[in-house]
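Colleague: Input structure: start24.csv, which contains CSV, C-alpha atoms.
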chain,number,residue,atom,x,y,z
A,27,MET,CA,-48.3,-118.2,-122.4
A,28,ILE,CA,-47.4,-114.7,-121.2
A,29,ARG,CA,-49.6,-112.6,-119.0
A,30,ILE,CA,-49.9,-108.9,-118.8
A,31,ALA,CA,-52.1,-107.3,-116.2
A,32,ALA,CA,-54.4,-104.9,-117.9
A,33,PRO,CA,-55.9,-102.1,-115.8
A,34,HIS,CA,-59.0,-104.2,-114.9
A,35,SER,CA,-58.2,-107.7,-116.1
A,36,ILE,CA,-55.5,-110.3,-116.9
A,37,VAL,CA,-54.7,-110.6,-120.6
A,38,ARG,CA,-53.3,-113.8,-121.9
A,39,ILE,CA,-50.6,-113.4,-124.5
A,40,PRO,CA,-50.2,-116.3,-127.0
A,41,ASP,CA,-46.7,-117.4,-127.8
A,42,ILE,CA,-46.2,-114.8,-130.5
A,43,MET,CA,-42.4,-114.5,-130.1
A,44,HIS,CA,-40.8,-117.9,-130.5
A,45,ASP,CA,-43.1,-120.3,-132.4
A,46,ALA,CA,-40.7,-119.9,-135.3
A,47,GLN,CA,-37.1,-119.0,-135.5
A,48,PRO,CA,-36.7,-115.2,-135.2
A,49,GLY,CA,-36.3,-113.2,-138.3
A,50,GLY,CA,-37.4,-116.1,-140.5
A,51,ALA,CA,-34.1,-118.0,-139.8
A,52,SER,CA,-33.8,-121.7,-140.1
A,53,HIS,CA,-33.9,-124.0,-137.0
A,54,GLU,CA,-30.2,-123.6,-136.1
A,55,GLU,CA,-28.6,-123.8,-132.7
A,56,PRO,CA,-29.0,-120.3,-131.1
A,57,PRO,CA,-25.8,-118.4,-130.2
A,58,ALA,CA,-24.6,-118.3,-126.6
A,59,LEU,CA,-24.3,-114.5,-126.9
A,60,ALA,CA,-27.3,-112.4,-128.0
A,61,ILE,CA,-25.1,-109.3,-128.4
A,62,ARG,CA,-21.4,-109.1,-128.6
A,63,ALA,CA,-19.3,-105.9,-129.1
A,64,GLN,CA,-15.5,-105.7,-129.3
A,65,GLY,CA,-13.7,-102.3,-129.4
A,66,LEU,CA,-16.9,-100.6,-130.5
A,67,SER,CA,-16.3,-96.9,-131.0
A,68,LYS,CA,-18.2,-93.9,-132.3
A,69,THR,CA,-16.9,-90.4,-132.9
A,70,TYR,CA,-19.2,-87.6,-134.0
A,71,ARG,CA,-17.8,-84.8,-136.0
A,72,GLY,CA,-17.7,-81.5,-134.2
A,73,LEU,CA,-20.4,-78.9,-135.1
A,74,GLY,CA,-19.7,-75.2,-135.4
A,75,GLY,CA,-16.0,-75.5,-135.0
A,76,GLU,CA,-16.2,-77.8,-131.9
A,77,ALA,CA,-13.9,-80.7,-131.4
A,78,PRO,CA,-15.1,-84.2,-132.5
A,79,LYS,CA,-17.1,-85.9,-129.8
A,80,LYS,CA,-16.1,-89.5,-128.8
A,81,ALA,CA,-19.5,-91.1,-127.8
A,82,LEU,CA,-18.2,-94.6,-127.4
A,83,LYS,CA,-14.6,-95.5,-126.6
A,84,ALA,CA,-13.6,-99.1,-127.5
A,85,ILE,CA,-16.6,-100.8,-125.7
A,86,ASP,CA,-16.2,-104.6,-125.1
A,87,LEU,CA,-19.5,-106.1,-124.0
A,88,GLU,CA,-21.1,-109.5,-124.1
A,89,ILE,CA,-24.8,-110.1,-123.4
A,90,PRO,CA,-25.8,-113.7,-122.8
A,91,ARG,CA,-28.8,-115.2,-124.6
A,92,GLY,CA,-31.9,-115.1,-122.5
A,93,SER,CA,-30.8,-112.5,-120.0
A,94,VAL,CA,-32.4,-109.3,-118.9
A,95,PHE,CA,-29.5,-107.0,-119.2
A,96,GLY,CA,-29.4,-103.4,-117.9
A,97,LEU,CA,-27.4,-100.8,-119.7
A,98,LEU,CA,-27.1,-97.8,-117.4
A,99,GLY,CA,-25.4,-94.4,-117.5
A,100,PRO,CA,-26.0,-90.7,-117.0
A,101,ASN,CA,-27.4,-88.6,-119.8
A,102,GLY,CA,-24.9,-88.3,-122.6
A,103,ALA,CA,-23.0,-91.5,-121.5
A,104,GLY,CA,-23.4,-93.2,-124.9
A,105,LYS,CA,-26.3,-95.6,-124.2
A,106,SER,CA,-28.4,-94.5,-127.1
A,107,THR,CA,-25.4,-94.5,-129.5
A,108,PHE,CA,-24.7,-98.1,-128.5
A,109,ILE,CA,-28.3,-99.1,-129.1
A,110,ASN,CA,-28.6,-97.2,-132.4
A,111,ILE,CA,-25.4,-98.9,-133.7
A,112,LEU,CA,-26.9,-102.3,-133.0
A,113,ALA,CA,-30.2,-101.3,-134.7
A,114,GLY,CA,-28.4,-100.0,-137.8
A,115,LEU,CA,-29.4,-96.4,-137.2
A,116,VAL,CA,-25.9,-95.1,-136.5
A,117,ILE,CA,-22.7,-96.1,-138.3
A,118,LYS,CA,-19.9,-97.1,-136.0
A,119,SER,CA,-16.4,-95.6,-136.2
A,120,GLY,CA,-14.5,-98.7,-135.2
A,121,GLY,CA,-14.7,-102.1,-133.7
A,122,MET,CA,-17.1,-105.0,-134.2
A,123,ALA,CA,-20.7,-105.7,-133.1
A,124,GLN,CA,-22.9,-108.8,-133.5
A,125,VAL,CA,-26.6,-109.3,-132.9
A,126,TRP,CA,-27.7,-112.9,-132.5
A,127,GLY,CA,-24.4,-114.0,-134.0
A,128,HIS,CA,-24.7,-111.8,-137.1
A,129,ASP,CA,-22.1,-109.1,-137.8
A,130,ILE,CA,-23.9,-105.8,-138.1
A,131,ASP,CA,-21.8,-104.9,-141.2
A,132,ARG,CA,-21.3,-108.1,-143.1
A,133,GLU,CA,-24.8,-109.5,-142.2
A,134,ALA,CA,-26.7,-106.3,-141.7
A,135,ARG,CA,-30.0,-107.7,-142.9
A,136,ALA,CA,-29.9,-110.7,-140.6
A,137,ALA,CA,-28.7,-108.6,-137.6
A,138,ARG,CA,-31.5,-106.1,-138.0
A,139,ALA,CA,-34.1,-108.9,-138.3
A,140,ALA,CA,-32.9,-110.3,-135.0
A,141,ILE,CA,-33.5,-107.2,-133.0
A,142,GLY,CA,-36.6,-105.2,-132.0
A,143,VAL,CA,-36.2,-101.7,-130.6
A,144,VAL,CA,-38.7,-99.9,-128.4
A,145,PRO,CA,-37.5,-96.3,-128.5
A,146,GLN,CA,-38.0,-93.8,-125.7
A,147,GLU,CA,-39.7,-91.3,-128.0
A,148,LEU,CA,-43.3,-91.9,-129.0
A,149,ASN,CA,-42.5,-91.8,-132.7
A,150,ILE,CA,-45.8,-93.0,-134.0
A,151,ASP,CA,-47.5,-91.7,-137.2
A,152,PRO,CA,-50.7,-90.1,-135.8
A,153,PHE,CA,-52.7,-90.7,-139.0
A,154,PHE,CA,-52.3,-94.5,-139.0
A,155,THR,CA,-54.3,-96.9,-136.9
A,156,PRO,CA,-52.5,-99.5,-134.7
A,157,ARG,CA,-53.5,-102.2,-137.2
A,158,GLU,CA,-52.1,-100.3,-140.1
A,159,LEU,CA,-48.9,-99.5,-138.2
A,160,LEU,CA,-48.3,-103.2,-137.4
A,161,GLU,CA,-49.0,-104.3,-140.9
A,162,VAL,CA,-46.6,-101.7,-142.3
A,163,GLN,CA,-43.9,-102.7,-139.8
A,164,ALA,CA,-44.4,-106.4,-140.6
A,165,GLY,CA,-44.1,-105.6,-144.3
A,166,LEU,CA,-40.8,-103.7,-143.7
A,167,PHE,CA,-39.3,-106.8,-142.1
A,168,GLY,CA,-40.6,-109.0,-144.9
A,169,VAL,CA,-43.1,-111.0,-142.8
A,170,PRO,CA,-45.4,-112.8,-145.3
A,171,ARG,CA,-49.1,-111.8,-144.9
A,172,ALA,CA,-50.0,-115.4,-144.1
A,173,GLU,CA,-47.6,-115.4,-141.1
A,174,ARG,CA,-48.5,-112.0,-139.7
A,175,ARG,CA,-50.1,-112.0,-136.2
A,176,THR,CA,-51.4,-108.4,-136.1
A,177,ASP,CA,-54.6,-109.2,-134.3
A,178,GLU,CA,-52.9,-111.5,-131.8
A,179,ILE,CA,-50.3,-108.9,-130.9
A,180,LEU,CA,-53.0,-106.2,-130.6
A,181,ALA,CA,-55.0,-108.4,-128.3
A,182,ALA,CA,-51.9,-109.3,-126.3
A,183,LEU,CA,-51.2,-105.7,-125.6
A,184,SER,CA,-54.8,-104.7,-124.9
A,185,LEU,CA,-55.1,-102.7,-128.0
A,186,SER,CA,-57.9,-104.6,-129.8
A,187,ASP,CA,-60.6,-102.1,-129.1
A,188,LYS,CA,-58.3,-99.3,-130.5
A,189,ALA,CA,-57.1,-101.3,-133.5
A,190,ASP,CA,-58.9,-99.1,-136.1
A,191,ALA,CA,-58.6,-95.8,-134.2
A,192,TYR,CA,-56.1,-93.1,-135.3
A,193,ALA,CA,-52.9,-93.4,-133.3
A,194,ARG,CA,-53.3,-89.7,-132.3
A,195,SER,CA,-56.4,-90.6,-130.3
A,196,LEU,CA,-54.5,-93.1,-128.1
A,197,SER,CA,-53.4,-92.2,-124.6
A,198,GLY,CA,-49.7,-92.1,-123.7
A,199,GLY,CA,-49.8,-95.5,-122.1
A,200,MET,CA,-51.5,-97.0,-125.2
A,201,ARG,CA,-48.9,-95.5,-127.5
A,202,ARG,CA,-46.2,-97.0,-125.3
A,203,ARG,CA,-47.8,-100.4,-125.7
A,204,LEU,CA,-48.1,-99.8,-129.5
A,205,LEU,CA,-44.3,-99.2,-129.6
A,206,VAL,CA,-43.8,-102.6,-128.0
A,207,ALA,CA,-46.2,-104.2,-130.4
A,208,LYS,CA,-44.3,-102.7,-133.4
A,209,ALA,CA,-41.0,-104.0,-132.0
A,210,ILE,CA,-42.2,-107.7,-131.9
A,211,VAL,CA,-44.1,-108.1,-135.2
A,212,HIS,CA,-41.1,-109.9,-136.7
A,213,ASP,CA,-40.5,-112.3,-133.7
A,214,PRO,CA,-37.1,-110.9,-132.7
A,215,PRO,CA,-35.0,-112.9,-130.2
A,216,VAL,CA,-33.5,-109.7,-128.9
A,217,LEU,CA,-35.7,-106.9,-127.6
A,218,VAL,CA,-34.3,-103.5,-126.7
A,219,LEU,CA,-36.3,-101.3,-124.4
A,220,ASP,CA,-34.9,-97.7,-124.3
A,221,GLU,CA,-36.4,-96.0,-121.2
A,222,PRO,CA,-39.7,-97.9,-121.6
A,223,THR,CA,-41.3,-96.5,-118.5
A,224,ALA,CA,-40.3,-92.9,-118.9
A,225,GLY,CA,-43.2,-90.6,-118.2
A,226,VAL,CA,-45.7,-93.5,-117.6
A,227,ASP,CA,-47.8,-94.1,-114.5
A,228,VAL,CA,-47.1,-96.6,-111.9
A,229,GLU,CA,-49.7,-99.1,-113.1
A,230,LEU,CA,-48.4,-99.2,-116.6
A,231,ARG,CA,-44.8,-99.5,-115.3
A,232,ARG,CA,-45.8,-102.6,-113.3
A,233,GLN,CA,-47.5,-104.1,-116.4
A,234,LEU,CA,-44.3,-103.6,-118.4
A,235,TRP,CA,-42.2,-105.1,-115.7
A,236,THR,CA,-44.5,-108.2,-115.7
A,237,TYR,CA,-44.2,-108.4,-119.5
A,238,VAL,CA,-40.4,-108.2,-119.4
A,239,ARG,CA,-40.2,-110.9,-116.8
A,240,SER,CA,-42.4,-113.1,-118.9
A,241,LEU,CA,-40.3,-112.5,-122.0
A,242,ALA,CA,-37.2,-113.4,-120.2
A,243,ALA,CA,-38.7,-116.6,-118.8
A,244,ARG,CA,-39.4,-117.7,-122.3
A,245,GLY,CA,-35.8,-117.1,-123.5
A,246,THR,CA,-36.1,-113.6,-125.0
A,247,THR,CA,-33.0,-111.5,-124.5
A,248,VAL,CA,-34.0,-108.1,-123.2
A,249,LEU,CA,-31.6,-105.1,-123.2
A,250,LEU,CA,-33.0,-102.4,-120.9
A,251,THR,CA,-31.9,-98.8,-120.4
A,252,THR,CA,-33.6,-96.9,-117.6
A,253,HIS,CA,-33.2,-93.9,-115.3
A,254,TYR,CA,-35.1,-95.8,-112.6
A,255,LEU,CA,-32.4,-97.6,-110.9
A,256,GLU,CA,-34.8,-99.6,-108.7
A,257,GLU,CA,-36.3,-100.8,-112.0
A,258,ALA,CA,-32.9,-102.2,-113.1
A,259,GLN,CA,-32.2,-103.6,-109.7
A,260,GLU,CA,-35.5,-105.4,-109.7
A,261,LEU,CA,-35.5,-106.7,-113.3
A,262,CYS,CA,-31.9,-107.2,-114.5
A,263,ASP,CA,-29.7,-110.2,-113.8
A,264,ARG,CA,-26.7,-108.5,-115.3
A,265,ILE,CA,-25.9,-104.8,-115.5
A,266,ALA,CA,-23.3,-102.7,-117.4
A,267,ILE,CA,-22.6,-99.1,-116.5
A,268,ILE,CA,-21.3,-96.8,-119.2
A,269,ASP,CA,-20.0,-93.3,-118.5
A,270,ARG,CA,-18.5,-90.7,-120.9
A,271,GLY,CA,-18.4,-93.4,-123.6
A,272,GLU,CA,-16.5,-95.9,-121.4
A,273,LEU,CA,-17.6,-99.1,-119.8
A,274,VAL,CA,-17.0,-98.6,-116.1
A,275,ALA,CA,-18.7,-101.8,-114.7
A,276,HIS,CA,-20.1,-105.0,-116.1
A,277,ASP,CA,-21.2,-107.8,-113.7
A,278,SER,CA,-24.1,-109.6,-112.3
A,279,THR,CA,-26.5,-107.4,-110.3
A,280,GLU,CA,-25.7,-109.2,-107.1
A,281,ALA,CA,-22.0,-108.9,-107.6
A,282,LEU,CA,-22.3,-105.1,-108.3
A,283,LEU,CA,-24.3,-104.6,-105.1
A,284,ARG,CA,-21.5,-106.4,-103.2
A,285,ARG,CA,-18.9,-103.9,-104.4
A,286,LEU,CA,-19.8,-101.3,-101.8
A,287,ASP,CA,-18.7,-102.8,-98.5
A,288,ARG,CA,-21.1,-100.7,-96.5
A,289,LYS,CA,-24.1,-101.3,-94.3
A,290,GLU,CA,-26.2,-99.3,-91.8
A,291,LEU,CA,-27.9,-100.8,-88.7
A,292,ALA,CA,-30.5,-98.7,-86.8
A,293,ILE,CA,-31.0,-99.9,-83.3
A,294,THR,CA,-33.9,-98.6,-81.2
A,295,VAL,CA,-33.5,-99.3,-77.4
A,296,ALA,CA,-35.9,-99.1,-74.5
A,297,GLU,CA,-33.7,-96.7,-72.5
A,298,GLU,CA,-33.3,-93.0,-73.2
A,299,LEU,CA,-29.7,-92.0,-74.1
A,300,THR,CA,-27.8,-88.8,-73.9
A,301,ALA,CA,-24.6,-90.1,-75.4
A,302,VAL,CA,-23.2,-93.1,-77.2
A,303,PRO,CA,-22.3,-95.8,-74.6
A,304,ALA,CA,-18.6,-96.3,-73.9
A,305,GLU,CA,-19.0,-100.0,-74.8
A,306,MET,CA,-19.8,-98.9,-78.4
A,307,ALA,CA,-17.0,-96.3,-78.7
A,308,GLU,CA,-14.9,-98.4,-81.1
A,309,LEU,CA,-17.8,-98.6,-83.6
A,310,SER,CA,-19.0,-95.9,-85.9
A,311,VAL,CA,-22.1,-94.9,-84.0
A,312,GLU,CA,-24.4,-91.9,-84.3
A,313,LEU,CA,-27.0,-91.1,-81.6
A,314,ALA,CA,-30.4,-90.1,-82.8
A,315,PRO,CA,-32.0,-89.1,-79.4
A,316,PRO,CA,-33.5,-90.3,-77.4
A,317,ARG,CA,-33.5,-94.0,-78.1
A,318,ARG,CA,-31.9,-94.6,-81.5
A,319,LEU,CA,-28.4,-95.7,-82.4
A,320,ILE,CA,-27.2,-95.6,-86.0
A,321,VAL,CA,-24.3,-98.0,-86.6
A,322,ARG,CA,-22.4,-97.8,-89.9
A,323,TYR,CA,-20.0,-100.6,-90.6
A,324,LYS,CA,-18.2,-102.7,-93.2
A,325,PRO,CA,-19.6,-106.3,-93.3
A,326,SER,CA,-16.2,-107.6,-94.3
A,327,ALA,CA,-14.6,-106.3,-91.1
A,328,THR,CA,-17.5,-106.2,-88.6
A,329,ARG,CA,-20.0,-108.9,-87.8
A,330,ILE,CA,-23.5,-107.9,-86.8
A,331,GLY,CA,-23.2,-110.2,-83.8
A,332,ASP,CA,-20.3,-108.1,-82.5
A,333,ILE,CA,-22.5,-105.0,-82.7
A,334,LEU,CA,-25.3,-106.6,-80.8
A,335,ALA,CA,-22.9,-107.9,-78.2
A,336,ALA,CA,-21.7,-104.3,-77.6
A,337,VAL,CA,-25.3,-103.2,-77.2
A,338,ARG,CA,-25.9,-105.9,-74.6
A,339,ALA,CA,-22.6,-105.1,-72.8
A,340,ALA,CA,-23.9,-101.5,-72.5
A,341,GLY,CA,-26.9,-102.9,-70.6
A,342,LEU,CA,-29.3,-101.7,-73.3
A,343,THR,CA,-32.6,-103.4,-74.2
A,344,ILE,CA,-33.2,-103.7,-78.0
A,345,SER,CA,-36.8,-102.9,-78.9
A,346,ASP,CA,-36.4,-102.7,-82.7
A,347,LEU,CA,-33.8,-103.3,-85.5
A,348,SER,CA,-33.6,-102.2,-89.1
A,349,THR,CA,-30.8,-102.5,-91.6
A,350,GLU,CA,-30.1,-100.6,-94.8
A,351,GLU,CA,-27.8,-102.0,-97.5
A,352,SER,CA,-26.2,-100.3,-100.5
A,353,ASP,CA,-28.4,-100.1,-103.6
A,354,LEU,CA,-27.7,-99.5,-107.2
A,355,GLU,CA,-27.9,-95.8,-106.8
A,356,ASP,CA,-24.9,-96.0,-104.4
A,357,ILE,CA,-22.9,-98.1,-106.8
A,358,PHE,CA,-23.8,-95.7,-109.7
A,359,LEU,CA,-22.6,-92.7,-107.8
A,360,ALA,CA,-19.4,-94.4,-106.6
A,361,LEU,CA,-18.5,-95.4,-110.2
A,362,THR,CA,-19.5,-92.3,-112.1
A,363,GLY,CA,-19.4,-89.6,-109.5
A,364,ARG,CA,-22.8,-88.3,-110.6
A,365,SER,CA,-26.4,-89.3,-110.6
A,366,VAL,CA,-28.1,-91.1,-113.4
A,367,ALA,CA,-30.0,-88.0,-114.5
A,368,GLU,CA,-27.0,-85.8,-114.7
A,369,GLY,CA,-25.1,-85.0,-117.9
A,370,ALA,CA,-25.7,-83.6,-121.3
A,371,PRO,CA,-28.2,-85.0,-123.9
A,372,ASP,CA,-26.9,-88.3,-125.3
A,373,SER,CA,-24.4,-87.8,-128.2
A,374,ALA,CA,-26.6,-89.7,-130.6
A,375,SER,CA,-29.5,-87.4,-130.1
A,376,ALA,CA,-27.4,-84.3,-130.2
A,377,ALA,CA,-25.6,-85.4,-133.4
A,378,GLU,CA,-28.7,-86.5,-135.2
Translate the structure described by the file into structure tokens.
Modeller:
Amino acid sequence: MIRIAAPHSIVRIPDIMHDAQPGGASHEEPPALAIRAQGLSKTYRGLGGEAPKKALKAIDLEIPRGSVFGLLGPNGAGKSTFINILAGLVIKSGGMAQVWGHDIDREARAARAAIGVVPQELNIDPFFTPRELLEVQAGLFGVPRAERRTDEILAALSLSDKADAYARSLSGGMRRRLLVAKAIVHDPPVLVLDEPTAGVDVELRRQLWTYVRSLAARGTTVLLTTHYLEEAQELCDRIAIIDRGELVAHDSTEALLRRLDRKELAITVAEELTAVPAEMAELSVELAPPRRLIVRYKPSATRIGDILAAVRAAGLTISDLSTEESDLEDIFLALTGRSVAEGAPDSASAAE
């Protein structure tokens, strides 16, 4: 069972994703890699006399089955192009890509059946009801009527009471849930969430986080793009960073965070200070009068015990300590030289 916290209750979600093999496939051994790309490239033709735009430049990427994988990058980096190629919405210019072991060209039908995409845009027909939208979506993926779980999915995402209301009457949060519902009607083993919490309130964001963790716990592979780096740091066990169409990092979240050999230690002492003590002169120390010392150091070269020993040697009494480590924002800036929100609109959006 999966649980999603609704605004005033806990909703139990039946096992709607993996009772049967995704996409109607037979009970075969699942692939080790949910997504695999080799040399994946995309070049958009230039518009209005402009030069062609290389959106993806020979991307090599492997996403293990069952992982929550973060794909990060500034606006225009190529994230949406990558996702849309996997979903069959954009034709690649070169290279190879597989979804759940199926080549997106040679086995296009099976590859598309193995993936569900929750787009960033709220692209829902306003004149359909949630029930109608799920029925249509299931039909498009060839799910037999006897095997459809429309009511179960609506209940799972707290949409039962709106099942027969026009989609245009739904709130933004409900529409976001409806997009998730549409993406899972065919039981895909791979779920792509493209900026799933963009523009939603904190409560809904936490509900979606809980949902993603539950999916991952049950073996669903989740590919997440987000501009909220704390979201990626919290949810993802592996992260790839793409910038200007190139893959600039791909590692476990923990390993990425270790890349910046930098820490900050704030020491509050009982004594008032007018200058940094001589005993701490060899350290990189900033005085925040009257009682606070900010020590910046490299954990690979300096032990925290040495810093505390220098404080004691100066005859100071420590009344408080706090430490600040590098986060994903620091890594992102170091690798790309810009924040996640900078850049032009993604090439896919601009070209289409």
Colleague: Using all atoms listed in the file, which of the listed residues (A:Leu286, A:Leu354, A:Ile333, A:Ala296) sits closest to Ser310 of chain A?
Modeller: A:Ile333
Colleague: So which residues touch Val206 of chain A within 10 Å, counting only C-alpha atoms, skipping near sequence neighbours fewer than 2 positions away, as an NGL selection string?
Modeller: :A and (142-145 or 179 or 183 or 200-204 or 208-211 or 217-219 or 222 or 234)
Colleague: Select, from A:Ala301, A:Ala224, A:Ile111, A:Leu347, the residue with the minimum atom-to-atom distance to Leu82 of chain A, counting all atoms listed in the file.
Modeller: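 Nearest to Leu82 of chain A: A:Ile111.
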Colleague: Env of segment 52-69 of chain A: 9 Å cut, atoms = all atoms listed in the file, seq-sep filter 5 positions within chain, self excluded. Answer as a PyMOL selection string.
Modeller: chain A and resi 46-47+78-93+107-108+111-112+116-127+215-216+247+271
Colleague: Would you write out those residues with C-alpha atoms, as a tab-separated table (two decimals), in the coordinates of the input?
Modeller:
chain	number	residue	atom	x	y	z
A	46	ALA	CA	-40.70	-119.90	-135.30
A	47	GLN	CA	-37.10	-119.00	-135.50
A	78	PRO	CA	-15.10	-84.20	-132.50
A	79	LYS	CA	-17.10	-85.90	-129.80
A	80	LYS	CA	-16.10	-89.50	-128.80
A	81	ALA	CA	-19.50	-91.10	-127.80
A	82	LEU	CA	-18.20	-94.60	-127.40
A	83	LYS	CA	-14.60	-95.50	-126.60
A	84	ALA	CA	-13.60	-99.10	-127.50
A	85	ILE	CA	-16.60	-100.80	-125.70
A	86	ASP	CA	-16.20	-104.60	-125.10
A	87	LEU	CA	-19.50	-106.10	-124.00
A	88	GLU	CA	-21.10	-109.50	-124.10
A	89	ILE	CA	-24.80	-110.10	-123.40
A	90	PRO	CA	-25.80	-113.70	-122.80
A	91	ARG	CA	-28.80	-115.20	-124.60
A	92	GLY	CA	-31.90	-115.10	-122.50
A	93	SER	CA	-30.80	-112.50	-120.00
A	107	THR	CA	-25.40	-94.50	-129.50
A	108	PHE	CA	-24.70	-98.10	-128.50
A	111	ILE	CA	-25.40	-98.90	-133.70
A	112	LEU	CA	-26.90	-102.30	-133.00
A	116	VAL	CA	-25.90	-95.10	-136.50
A	117	ILE	CA	-22.70	-96.10	-138.30
A	118	LYS	CA	-19.90	-97.10	-136.00
A	119	SER	CA	-16.40	-95.60	-136.20
A	120	GLY	CA	-14.50	-98.70	-135.20
A	121	GLY	CA	-14.70	-102.10	-133.70
A	122	MET	CA	-17.10	-105.00	-134.20
A	123	ALA	CA	-20.70	-105.70	-133.10
A	124	GLN	CA	-22.90	-108.80	-133.50
A	125	VAL	CA	-26.60	-109.30	-132.90
A	126	TRP	CA	-27.70	-112.90	-132.50
A	127	GLY	CA	-24.40	-114.00	-134.00
A	215	PRO	CA	-35.00	-112.90	-130.20
A	216	VAL	CA	-33.50	-109.70	-128.90
A	247	THR	CA	-33.00	-111.50	-124.50
A	271	GLY	CA	-18.40	-93.40	-123.60
Colleague: Contacts of Gly168 of chain A at 12 Å or less, counting all atoms listed in the file, minus same-chain residues fewer than 4 places along, as a list in words?
Modeller: Gly49, Gly50, Arg135, Ala136, Arg138, Ala139, Glu161, Val162, Gln163, Ala164, Ala172, Glu173, Arg174, Val211, His212 and Asp213 of chain A
Colleague: With distances taken over only C-alpha atoms, which residue among A:Gly198, A:Ala340, A:Ile267, A:Val248 lies nearest Ile141 of chain A?
Modeller: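 Result for the nearest residue to Ile141 of chain A: A:Val248.
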